[in-house]
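Dropping data_13.txt in here (compact mmCIF, C-alpha atoms and all ligand atoms):
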```txt
# COMPACT_ATOMS: atom_id res chain seq x y z
CA MET A 1 0.00 0.00 0.00
CA GLU A 2 1.30 3.43 -0.97
CA GLY A 3 0.76 5.03 2.44
CA ASN A 4 2.72 2.27 4.18
CA ILE A 5 6.06 2.68 2.40
CA GLY A 6 8.82 1.93 4.90
CA LEU A 7 6.41 0.42 7.42
CA THR A 8 6.26 -3.26 8.30
CA PRO A 9 3.15 -5.33 7.63
CA VAL A 10 1.90 -7.00 10.84
CA SER A 11 1.56 -10.25 8.89
CA SER A 12 5.35 -10.51 8.69
CA LEU A 13 5.39 -11.51 12.38
CA GLY A 14 2.50 -14.00 12.50
CA GLU A 15 0.14 -14.13 15.45
CA PHE A 16 2.59 -15.51 18.00
CA GLY A 17 5.39 -13.18 16.96
CA LEU A 18 2.96 -10.27 17.30
CA ILE A 19 1.90 -11.38 20.79
CA ASP A 20 5.55 -11.73 21.88
CA ARG A 21 6.28 -8.24 20.57
CA ILE A 22 3.34 -6.37 22.11
CA THR A 23 3.68 -8.07 25.51
CA GLU A 24 7.41 -7.33 25.76
CA GLY A 25 8.53 -4.89 28.43
CA PHE A 26 5.54 -5.32 30.73
CA SER A 27 6.27 -6.54 34.21
CA ALA A 28 4.09 -7.95 36.97
CA ARG A 29 3.59 -4.97 39.31
CA ASN A 30 1.63 -6.84 41.92
CA PRO A 31 2.63 -9.87 43.98
CA GLY A 32 -0.79 -11.42 43.32
CA ILE A 33 -0.01 -11.99 39.64
CA ILE A 34 0.95 -15.62 39.26
CA LYS A 35 0.97 -15.86 35.45
CA GLY A 36 0.65 -13.13 32.82
CA PRO A 37 0.52 -13.62 29.04
CA GLY A 38 1.64 -16.92 27.53
CA ASP A 39 -0.90 -19.50 28.65
CA ASP A 40 -4.61 -20.09 28.03
CA CYS A 41 -5.48 -17.76 30.94
CA ALA A 42 -3.86 -15.23 33.21
CA VAL A 43 -3.63 -16.55 36.78
CA LEU A 44 -4.17 -14.26 39.78
CA ASP A 45 -3.97 -15.04 43.46
CA LYS A 46 -7.49 -15.14 44.95
CA ASP A 47 -7.42 -16.52 48.48
CA GLU A 48 -5.76 -19.28 50.47
CA SER A 49 -7.16 -22.07 48.33
CA PHE A 50 -7.99 -20.64 44.89
CA TYR A 51 -6.54 -18.79 41.93
CA THR A 52 -8.65 -16.53 39.72
CA LEU A 53 -8.41 -17.26 35.97
CA LEU A 54 -8.97 -14.63 33.26
CA SER A 55 -9.06 -14.87 29.50
CA THR A 56 -10.44 -12.90 26.57
CA ASP A 57 -11.21 -13.60 22.92
CA ILE A 58 -12.40 -11.44 20.08
CA MET A 59 -14.51 -12.55 17.11
CA ALA A 60 -14.73 -10.32 14.03
CA GLU A 61 -17.23 -10.64 11.19
CA GLY A 62 -15.60 -11.79 7.96
CA VAL A 63 -12.60 -13.16 9.89
CA HIS A 64 -14.02 -15.54 12.49
CA PHE A 65 -17.52 -15.92 11.16
CA ASP A 66 -19.57 -15.39 8.03
CA LEU A 67 -23.15 -14.30 8.61
CA SER A 68 -24.26 -15.78 5.30
CA TYR A 69 -24.20 -19.22 6.94
CA ALA A 70 -23.59 -18.75 10.67
CA PRO A 71 -26.77 -17.87 12.62
CA LEU A 72 -26.26 -15.03 15.11
CA LYS A 73 -27.47 -17.26 17.93
CA HIS A 74 -24.67 -19.74 17.22
CA ILE A 75 -22.09 -16.96 17.00
CA GLY A 76 -23.08 -15.83 20.49
CA TYR A 77 -22.89 -19.38 21.79
CA LYS A 78 -19.49 -19.99 20.18
CA ALA A 79 -18.03 -16.75 21.56
CA VAL A 80 -18.81 -18.02 25.07
CA SER A 81 -17.69 -21.61 24.40
CA SER A 82 -14.28 -20.55 23.10
CA ASN A 83 -13.68 -18.55 26.29
CA VAL A 84 -14.92 -21.25 28.68
CA SER A 85 -12.61 -23.65 26.81
CA ASP A 86 -9.60 -21.53 27.86
CA ILE A 87 -10.63 -21.83 31.52
CA SER A 88 -10.98 -25.62 31.07
CA ALA A 89 -7.47 -25.66 29.59
CA MET A 90 -6.15 -24.46 32.99
CA ASN A 91 -8.20 -27.21 34.69
CA GLY A 92 -10.51 -24.51 36.06
CA ARG A 93 -14.21 -23.73 36.34
CA SER A 94 -15.77 -20.70 34.63
CA THR A 95 -17.92 -18.42 36.76
CA GLY A 96 -18.75 -15.31 34.71
CA ILE A 97 -18.32 -13.38 31.47
CA LEU A 98 -18.12 -9.79 30.27
CA VAL A 99 -19.44 -9.29 26.75
CA SER A 100 -18.61 -6.31 24.52
CA ILE A 101 -20.04 -5.83 21.06
CA GLY A 102 -19.54 -3.36 18.24
CA PHE A 103 -22.05 -3.38 15.40
CA SER A 104 -22.97 -1.28 12.38
CA ASN A 105 -26.44 0.07 11.60
CA ARG A 106 -26.97 -2.95 9.36
CA PHE A 107 -27.92 -4.85 12.55
CA SER A 108 -31.49 -4.59 13.84
CA LEU A 109 -32.62 -4.89 17.43
CA GLU A 110 -33.94 -8.35 16.54
CA ALA A 111 -30.48 -9.34 15.32
CA ILE A 112 -28.84 -8.25 18.58
CA ASP A 113 -31.56 -10.14 20.49
CA GLU A 114 -30.72 -13.23 18.45
CA LEU A 115 -26.99 -12.89 19.24
CA PHE A 116 -27.71 -12.60 22.96
CA SER A 117 -30.12 -15.53 22.91
CA GLY A 118 -27.06 -17.65 22.03
CA ILE A 119 -24.99 -16.00 24.76
CA ARG A 120 -27.80 -16.67 27.25
CA ALA A 121 -28.09 -20.33 26.16
CA ALA A 122 -24.35 -20.76 26.72
CA CYS A 123 -24.53 -19.09 30.16
CA ASP A 124 -27.29 -21.56 31.08
CA PHE A 125 -25.36 -24.54 29.72
CA TYR A 126 -22.06 -23.67 31.46
CA ASN A 127 -23.79 -22.26 34.54
CA ILE A 128 -22.02 -18.90 34.36
CA THR A 129 -23.16 -15.33 34.98
CA LEU A 130 -23.19 -12.35 32.63
CA LEU A 131 -21.24 -9.77 34.67
CA GLY A 132 -21.22 -6.78 32.33
CA GLY A 133 -19.68 -5.48 29.15
CA ASP A 134 -19.88 -2.63 26.68
CA THR A 135 -21.57 -1.74 23.41
CA SER A 136 -20.39 0.46 20.58
CA SER A 137 -21.38 1.28 17.04
CA SER A 138 -18.94 0.21 14.35
CA ARG A 139 -18.39 1.55 10.83
CA GLN A 140 -18.60 -1.91 9.40
CA GLY A 141 -19.57 -5.35 10.60
CA LEU A 142 -19.97 -7.05 13.94
CA PHE A 143 -17.33 -7.53 16.63
CA ILE A 144 -17.79 -9.56 19.79
CA SER A 145 -15.29 -9.62 22.61
CA VAL A 146 -15.87 -11.95 25.54
CA THR A 147 -13.82 -11.95 28.72
CA VAL A 148 -14.25 -14.94 30.99
CA VAL A 149 -13.44 -15.23 34.67
CA GLY A 150 -13.02 -18.51 36.50
CA GLU A 151 -11.26 -20.20 39.36
CA VAL A 152 -9.11 -23.21 40.09
CA GLU A 153 -7.84 -24.80 43.27
CA LYS A 154 -4.20 -23.82 43.69
CA ASP A 155 -2.92 -27.38 43.69
CA LYS A 156 -4.98 -28.22 40.58
CA VAL A 157 -3.90 -25.48 38.15
CA VAL A 158 -2.38 -26.88 34.92
CA TYR A 159 -0.09 -24.81 32.70
CA ARG A 160 1.28 -25.50 29.24
CA SER A 161 4.75 -25.81 30.67
CA GLY A 162 4.64 -28.93 32.87
CA ALA A 163 5.04 -31.80 30.38
CA GLN A 164 7.89 -34.21 31.11
CA GLU A 165 9.77 -36.68 28.92
CA HIS A 166 7.78 -39.95 28.48
CA ASP A 167 4.45 -38.33 29.45
CA LEU A 168 1.54 -39.54 27.34
CA ILE A 169 -0.10 -37.03 25.00
CA CYS A 170 -3.89 -37.23 25.10
CA VAL A 171 -6.70 -35.49 23.32
CA SER A 172 -10.43 -35.39 24.00
CA GLY A 173 -13.13 -36.05 21.40
CA ASN A 174 -12.18 -35.99 17.76
CA LEU A 175 -10.32 -33.48 15.61
CA GLY A 176 -10.67 -31.72 12.28
CA GLY A 177 -14.48 -31.62 12.38
CA ALA A 178 -14.74 -27.84 12.69
CA LEU A 179 -12.57 -27.36 9.58
CA ALA A 180 -14.60 -29.97 7.69
CA GLY A 181 -17.80 -28.13 8.66
CA LEU A 182 -16.33 -24.82 7.49
CA LYS A 183 -15.36 -26.36 4.14
CA VAL A 184 -18.88 -27.74 3.62
CA LEU A 185 -20.52 -24.44 4.54
CA GLN A 186 -18.20 -22.51 2.21
CA ARG A 187 -18.86 -24.96 -0.61
CA GLU A 188 -22.63 -24.61 -0.22
CA LYS A 189 -22.30 -20.82 -0.06
CA ASP A 190 -20.27 -20.75 -3.29
CA LEU A 191 -22.80 -23.01 -5.00
CA PHE A 192 -25.60 -20.72 -3.89
CA LEU A 193 -23.80 -17.56 -5.04
CA ASN A 194 -23.23 -19.09 -8.47
CA ASN A 195 -26.78 -20.37 -8.71
CA PRO A 196 -29.24 -18.71 -6.30
CA GLY A 197 -31.93 -21.22 -7.35
CA ILE A 198 -30.08 -24.03 -5.50
CA GLN A 199 -30.91 -24.49 -1.83
CA PRO A 200 -27.99 -25.44 0.44
CA ASP A 201 -28.00 -29.17 1.18
CA LEU A 202 -26.17 -30.12 4.36
CA THR A 203 -27.63 -33.63 4.59
CA GLY A 204 -25.00 -36.09 5.76
CA PHE A 205 -22.80 -33.30 7.12
CA GLU A 206 -24.78 -32.45 10.26
CA PHE A 207 -22.01 -33.50 12.63
CA VAL A 208 -19.20 -31.43 11.09
CA VAL A 209 -21.46 -28.42 10.54
CA GLU A 210 -22.40 -28.48 14.22
CA ARG A 211 -18.70 -28.78 15.13
CA GLN A 212 -18.08 -25.55 13.21
CA LEU A 213 -21.15 -23.58 14.23
CA LYS A 214 -21.80 -24.68 17.80
CA PRO A 215 -18.65 -26.00 19.49
CA GLU A 216 -18.77 -26.95 23.13
CA ALA A 217 -16.04 -26.48 25.73
CA ARG A 218 -15.02 -29.79 27.32
CA THR A 219 -15.92 -28.99 30.91
CA ASP A 220 -17.03 -32.64 31.12
CA ILE A 221 -13.45 -33.87 30.53
CA ILE A 222 -12.15 -31.70 33.38
CA ALA A 223 -14.78 -33.29 35.62
CA SER A 224 -14.03 -36.87 34.56
CA LEU A 225 -10.25 -36.44 34.96
CA SER A 226 -10.88 -35.11 38.45
CA GLU A 227 -13.14 -38.09 39.26
CA VAL A 228 -10.35 -40.57 38.52
CA ALA A 229 -7.79 -38.30 40.25
CA VAL A 230 -5.68 -37.64 37.16
CA LEU A 231 -3.99 -34.25 37.14
CA PRO A 232 -2.56 -33.48 33.68
CA THR A 233 1.06 -32.29 33.66
CA ALA A 234 0.31 -29.78 30.87
CA MET A 235 -2.82 -28.73 29.00
CA ILE A 236 -4.07 -26.43 26.22
CA ASP A 237 -7.33 -26.24 24.29
CA ILE A 238 -7.20 -26.87 20.55
CA SER A 239 -8.18 -23.56 19.03
CA ASP A 240 -5.48 -23.14 16.38
CA GLY A 241 -5.08 -26.80 15.35
CA LEU A 242 -3.26 -29.77 16.86
CA SER A 243 0.07 -28.96 15.18
CA SER A 244 0.16 -25.38 16.55
CA ASP A 245 -1.11 -26.36 19.96
CA ILE A 246 1.24 -29.31 20.58
CA LEU A 247 4.07 -26.93 19.63
CA HIS A 248 2.91 -24.53 22.38
CA ILE A 249 3.08 -27.32 24.97
CA CYS A 250 6.47 -28.48 23.68
CA LYS A 251 7.95 -24.97 23.52
CA GLN A 252 6.80 -24.05 27.02
CA SER A 253 7.68 -27.44 28.51
CA LYS A 254 11.03 -27.40 26.65
CA ARG A 255 10.41 -30.94 25.42
CA GLY A 256 9.82 -32.65 22.07
CA ALA A 257 7.03 -35.02 21.09
CA VAL A 258 6.06 -37.84 18.78
CA LEU A 259 2.46 -38.05 17.58
CA TYR A 260 1.14 -41.16 15.83
CA GLN A 261 -0.87 -40.37 12.74
CA ASN A 262 -3.01 -43.50 13.03
CA LYS A 263 -3.96 -42.63 16.62
CA LEU A 264 -5.44 -39.22 15.76
CA PRO A 265 -9.17 -39.39 16.48
CA VAL A 266 -11.04 -38.37 13.34
CA ASP A 267 -14.77 -38.79 12.79
CA TYR A 268 -16.01 -40.66 9.71
CA GLU A 269 -17.78 -37.51 8.41
CA THR A 270 -14.58 -35.46 8.76
CA ASP A 271 -12.67 -38.09 6.79
CA LYS A 272 -15.30 -38.08 4.05
CA VAL A 273 -15.27 -34.27 3.72
CA ALA A 274 -11.44 -34.11 3.75
CA GLU A 275 -11.28 -36.69 0.95
CA SER A 276 -13.80 -34.73 -1.14
CA PHE A 277 -11.40 -31.77 -0.88
CA GLN A 278 -8.41 -33.93 -1.90
CA SER A 279 -7.06 -33.98 1.64
CA THR A 280 -7.10 -36.47 4.52
CA GLY A 281 -8.78 -36.60 7.91
CA SER A 282 -5.42 -36.57 9.70
CA THR A 283 -4.37 -33.43 7.81
CA TYR A 284 -7.60 -31.78 8.96
CA ALA A 285 -6.93 -33.02 12.50
CA LEU A 286 -3.43 -31.52 12.49
CA ASN A 287 -4.14 -28.21 10.79
CA GLY A 288 -7.81 -27.45 11.37
CA GLY A 289 -8.61 -25.10 14.23
CA GLU A 290 -11.62 -24.36 16.41
CA ASP A 291 -12.25 -27.91 17.61
CA TYR A 292 -12.05 -26.71 21.25
CA GLU A 293 -10.99 -30.15 22.40
CA LEU A 294 -8.44 -30.48 25.20
CA LEU A 295 -4.87 -31.52 24.45
CA PHE A 296 -3.04 -32.64 27.59
CA THR A 297 -0.16 -34.70 28.87
CA VAL A 298 -0.26 -37.16 31.74
CA SER A 299 2.33 -39.17 33.58
CA ILE A 300 2.67 -42.70 32.21
CA HIS A 301 1.78 -43.92 35.72
CA ASP A 302 -1.74 -42.53 35.22
CA PHE A 303 -2.36 -44.61 32.10
CA GLU A 304 -4.40 -47.29 33.95
CA LYS A 305 -6.69 -44.65 35.47
CA LEU A 306 -7.32 -43.10 32.04
CA LYS A 307 -8.34 -46.39 30.46
CA GLY A 308 -11.87 -46.34 31.82
CA LEU A 309 -12.61 -42.80 30.61
CA LYS A 310 -14.72 -42.17 27.55
CA ASP A 311 -13.74 -39.85 24.73
CA ILE A 312 -10.01 -39.60 25.47
CA SER A 313 -7.36 -40.85 23.03
CA VAL A 314 -3.64 -41.31 23.65
CA ILE A 315 -2.00 -39.97 20.49
CA GLY A 316 1.70 -39.86 21.33
CA HIS A 317 4.31 -39.19 23.96
CA MET A 318 6.70 -36.47 25.02
CA THR A 319 10.40 -36.78 24.23
CA GLY A 320 13.61 -35.24 25.57
CA THR A 321 14.71 -31.70 26.26
CA ASN A 322 14.33 -29.38 23.29
CA SER A 323 13.76 -32.26 20.83
CA PRO A 324 11.71 -31.66 17.68
CA VAL A 325 8.03 -32.54 17.32
CA TYR A 326 7.33 -35.37 14.89
CA ILE A 327 4.27 -36.98 13.45
CA GLU A 328 4.88 -40.65 12.68
CA ALA A 329 2.97 -42.41 9.88
CA SER A 330 1.98 -46.07 10.18
CA ASP A 331 4.96 -47.11 8.02
CA GLY A 332 7.28 -45.53 10.59
CA THR A 333 8.28 -42.45 8.57
CA GLN A 334 8.48 -39.28 10.63
CA MET A 335 7.72 -35.73 9.56
CA GLU A 336 8.57 -32.69 11.63
CA VAL A 337 5.49 -30.74 12.75
CA ILE A 338 5.52 -27.05 11.95
CA ALA A 339 2.84 -24.58 12.94
CA GLN A 340 0.18 -23.68 10.41
CA GLY A 341 -3.05 -22.01 11.42
CA TRP A 342 -3.57 -18.32 11.82
CA SER A 343 -3.33 -15.89 8.94
CA HIS A 344 -5.97 -13.30 9.88
CA PHE A 345 -3.94 -10.33 8.71
MG MG A 401 -6.55 -21.57 24.39
```

Mind converting the file's structure to structure tokens?
Ligand SMILES: [Mg+2]
Amino acid sequence: MEGNIGLTPVSSLGEFGLIDRITEGFSARNPGIIKGPGDDCAVLDKDESFYTLLSTDIMAEGVHFDLSYAPLKHIGYKAVSSNVSDISAMNGRSTGILVSIGFSNRFSLEAIDELFSGIRAACDFYNITLLGGDTSSSRQGLFISVTVVGEVEKDKVVYRSGAQEHDLICVSGNLGGALAGLKVLQREKDLFLNNPGIQPDLTGFEFVVERQLKPEARTDIIASLSEVAVLPTAMIDISDGLSSDILHICKQSKRGAVLYQNKLPVDYETDKVAESFQSTGSTYALNGGEDYELLFTVSIHDFEKLKGLKDISVIGHMTGTNSPVYIEASDGTQMEVIAQGWSHF
């Protein structure tokens, strides 16, 4: 762009480079700050037994959602789910949210009601309270920013940085579904734009479409791990894709990892969609984002306790100090995992 001669495009840094840059030079000015930027939540001292957890997420129209196929109610629900998921990733429990929105005059009162009906449904589902927020007009489009607050017992908090060599790498649910749903929705939208007479047909893709439009935070996994007394050594929620998120755990834990391609949990529908786009289910699992499943590591001694739990797969193990991260195919060939994901700018 002409006006930007001599200036650096933000995209040259990538999301994580940008975060490192803008958070540099800030220091904790209060003894109650246990953890600042760099994990799924900030961690603040609360009382003798608990930490307070805080996280925030922004969703922008045209970047995170497309109103031509995402109902406003689902967008509201998803904005809450993605935040609650970050509290789960610290092994915590969400208690409340602040919601801020910016919207142009294209949005009617009924539209805003619809958005908040989704936010209300999520508050009911996760049993959390709307604490406040802000509203603003915007020149263009809809923005939603949700800040979530939660708590965790001090001896139960789980960071990204605690994984040890030989720990098992586990994931909840199945992966790649949200990307598959996005691909199907985009395909139907393109068909419709080229031929407005055709009605979108999502038959046979209900599961992946729901994974994209109405993801749920895995608060149930936190509860079941606690029931069998398994405390993960490290944890993150899968928002950017398995490859990016395992790299976060490995970088912060200063360990490597091996993931087994044939152990990645992929739903049949996800596989089918991936193949129709000349890809594979495991590629979608590695590179697709927004699944909001939990990726965590546990000590090998906890393996027996995990066995009885539903919806958890062991997909690999941690390796030595500062080793690379590999994905191993069934024929034994290994490929180094490099981050994909984010390219919003
Ligand atoms: Mg997260």

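Each of A:Leu185, A:Ile87, A:Val148, A:Leu7 was compared to ligand MG 401 (chain A) using all atoms listed in the file, and A:Ile87 turns out to be the nearest.
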
Hey, which residues sit close to ligand MG 401 (chain A)? Say within 12 Å, counting only C-alpha atoms and all ligand atoms, and write them as a PyMOL selection string. chain A and resi 37-42+54-57+81-91+159-160+217+235-242+244-246+248-249+289-295

Would you mind listing what lies within 12 Å of Val337 of chain A as an NGL selection string, with only C-alpha atoms counted and same-chain residues fewer than 4 positions away left out? :A and (241-248 or 250 or 256-261 or 283 or 286-287 or 323-328)

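For Ala285 of chain A, the residues within 9 Å (counting all atoms listed in the file, excluding itself and residues fewer than 3 positions away along the chain) are A:Asn174, A:Leu175, A:Gly176, A:Gly177, A:Leu179, A:Gly241, A:Leu242, A:Ser243, A:Leu264, A:Pro265, A:Val266, A:Thr270, A:Thr280, A:Gly281, A:Ser282, A:Gly288, A:Gly289, A:Asp291.
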
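Neighbourhood of point (-3.0, -41.9, 35.1): residues with an atom at most 9 Å away, counting only C-alpha atoms, are Val228, Ala229, Val230, Leu231, Pro232, Val298, Ser299, Ile300, His301, Asp302, Phe303, Glu304, Lys305, Leu306 and Lys307 of chain A.
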
Return the single residue from A:Ser145, A:Ser68, A:Thr129, A:Ser253 that is closest to Gln186 of chain A, with distances computed using all atoms listed in the file. A:Ser68

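Nearest residue to Ser226 of chain A among A:Gly92, A:Arg211, A:Asp134, A:Glu165 is A:Gly92, counting all atoms listed in the file.
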
Point-to-point distance from atom CA of Ile22 of chain A to atom CA of Gly36 of chain A, Å rounded to tenths: 12.9 Å

Could you state the separation of atom CA of Thr321 of chain A and atom CA of Asp167 of chain A in Å, given to one decimal place? 12.6 Å

Counting all atoms listed in the file, the residue among A:Lys46, A:Lys78, A:Lys272, A:Lys35 that lies closest to Gly204 of chain A is A:Lys272

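Minimum atom-to-atom distance to Gln252 of chain A, evaluated using only C-alpha atoms, belongs to A:Ala163 out of A:Ala163, A:Leu115, A:Val184, A:Leu130.
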
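Considering all atoms listed in the file, the residue among A:Ala223, A:Leu213, A:Leu182, A:Met335 positioned nearest to Ala274 of chain A is A:Leu182.
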
Need the shell around Lys263 of chain A: protein/DNA/RNA residues with any atom at most 8 Å away, counting all atoms listed in the file. Skip same-chain ones fewer than 4 positions apart. Format as an mmCIF file with C-alpha atoms, in the coordinates of the input?
```
data_model
loop_
_atom_site.group_PDB
_atom_site.id
_atom_site.type_symbol
_atom_site.label_atom_id
_atom_site.label_comp_id
_atom_site.auth_asym_id
_atom_site.auth_seq_id
_atom_site.Cartn_x
_atom_site.Cartn_y
_atom_site.Cartn_z
ATOM 1 C CA LEU A 259 2.460 -38.050 17.580
ATOM 2 C CA SER A 313 -7.360 -40.850 23.030
ATOM 3 C CA VAL A 314 -3.640 -41.310 23.650
ATOM 4 C CA ILE A 315 -2.000 -39.970 20.490
ATOM 5 C CA GLY A 316 1.700 -39.860 21.330
#
```

Repaired coordinates for segment 5-22 of chain A (N, CA and C atoms) as a PDB file, in the coordinates of the input:
```pdb
ATOM      1  N   ILE A   5       4.672   2.861   2.835  1.00  0.00           N
ATOM      2  CA  ILE A   5       6.060   2.680   2.400  1.00  0.00           C
ATOM      3  C   ILE A   5       6.990   2.849   3.606  1.00  0.00           C
ATOM      4  N   GLY A   6       7.876   1.856   3.779  1.00  0.00           N
ATOM      5  CA  GLY A   6       8.820   1.930   4.900  1.00  0.00           C
ATOM      6  C   GLY A   6       8.285   1.351   6.181  1.00  0.00           C
ATOM      7  N   LEU A   7       6.984   1.026   6.221  1.00  0.00           N
ATOM      8  CA  LEU A   7       6.410   0.420   7.420  1.00  0.00           C
ATOM      9  C   LEU A   7       6.305  -1.097   7.229  1.00  0.00           C
ATOM     10  N   THR A   8       6.226  -1.793   8.353  1.00  0.00           N
ATOM     11  CA  THR A   8       6.260  -3.260   8.300  1.00  0.00           C
ATOM     12  C   THR A   8       4.848  -3.824   8.383  1.00  0.00           C
ATOM     13  N   PRO A   9       4.476  -4.706   7.489  1.00  0.00           N
ATOM     14  CA  PRO A   9       3.150  -5.330   7.630  1.00  0.00           C
ATOM     15  C   PRO A   9       3.130  -6.236   8.870  1.00  0.00           C
ATOM     16  N   VAL A  10       2.028  -6.186   9.619  1.00  0.00           N
ATOM     17  CA  VAL A  10       1.900  -7.000  10.840  1.00  0.00           C
ATOM     18  C   VAL A  10       2.020  -8.482  10.498  1.00  0.00           C
ATOM     19  N   SER A  11       1.552  -8.840   9.283  1.00  0.00           N
ATOM     20  CA  SER A  11       1.560 -10.250   8.890  1.00  0.00           C
ATOM     21  C   SER A  11       2.961 -10.841   8.831  1.00  0.00           C
ATOM     22  N   SER A  12       3.985  -9.984   8.758  1.00  0.00           N
ATOM     23  CA  SER A  12       5.350 -10.510   8.690  1.00  0.00           C
ATOM     24  C   SER A  12       5.759 -11.195   9.993  1.00  0.00           C
ATOM     25  N   LEU A  13       5.049 -10.911  11.091  1.00  0.00           N
ATOM     26  CA  LEU A  13       5.390 -11.510  12.380  1.00  0.00           C
ATOM     27  C   LEU A  13       4.601 -12.788  12.660  1.00  0.00           C
ATOM     28  N   GLY A  14       3.396 -12.897  12.108  1.00  0.00           N
ATOM     29  CA  GLY A  14       2.500 -14.000  12.500  1.00  0.00           C
ATOM     30  C   GLY A  14       1.885 -13.673  13.848  1.00  0.00           C
ATOM     31  N   GLU A  15       0.863 -14.439  14.217  1.00  0.00           N
ATOM     32  CA  GLU A  15       0.140 -14.130  15.450  1.00  0.00           C
ATOM     33  C   GLU A  15       1.033 -14.215  16.689  1.00  0.00           C
ATOM     34  N   PHE A  16       1.847 -15.295  16.755  1.00  0.00           N
ATOM     35  CA  PHE A  16       2.590 -15.510  18.000  1.00  0.00           C
ATOM     36  C   PHE A  16       3.755 -14.529  18.113  1.00  0.00           C
ATOM     37  N   GLY A  17       4.341 -14.191  16.961  1.00  0.00           N
ATOM     38  CA  GLY A  17       5.390 -13.180  16.960  1.00  0.00           C
ATOM     39  C   GLY A  17       4.822 -11.826  17.389  1.00  0.00           C
ATOM     40  N   LEU A  18       3.607 -11.528  16.929  1.00  0.00           N
ATOM     41  CA  LEU A  18       2.960 -10.270  17.300  1.00  0.00           C
ATOM     42  C   LEU A  18       2.705 -10.233  18.815  1.00  0.00           C
ATOM     43  N   ILE A  19       2.192 -11.347  19.350  1.00  0.00           N
ATOM     44  CA  ILE A  19       1.900 -11.380  20.790  1.00  0.00           C
ATOM     45  C   ILE A  19       3.193 -11.201  21.593  1.00  0.00           C
ATOM     46  N   ASP A  20       4.266 -11.889  21.173  1.00  0.00           N
ATOM     47  CA  ASP A  20       5.550 -11.730  21.880  1.00  0.00           C
ATOM     48  C   ASP A  20       5.978 -10.258  21.865  1.00  0.00           C
ATOM     49  N   ARG A  21       5.805  -9.616  20.720  1.00  0.00           N
ATOM     50  CA  ARG A  21       6.280  -8.240  20.570  1.00  0.00           C
ATOM     51  C   ARG A  21       5.465  -7.264  21.435  1.00  0.00           C
ATOM     52  N   ILE A  22       4.141  -7.380  21.400  1.00  0.00           N
ATOM     53  CA  ILE A  22       3.340  -6.370  22.110  1.00  0.00           C
ATOM     54  C   ILE A  22       3.329  -6.608  23.619  1.00  0.00           C
TER      55      ILE A  22
END
```
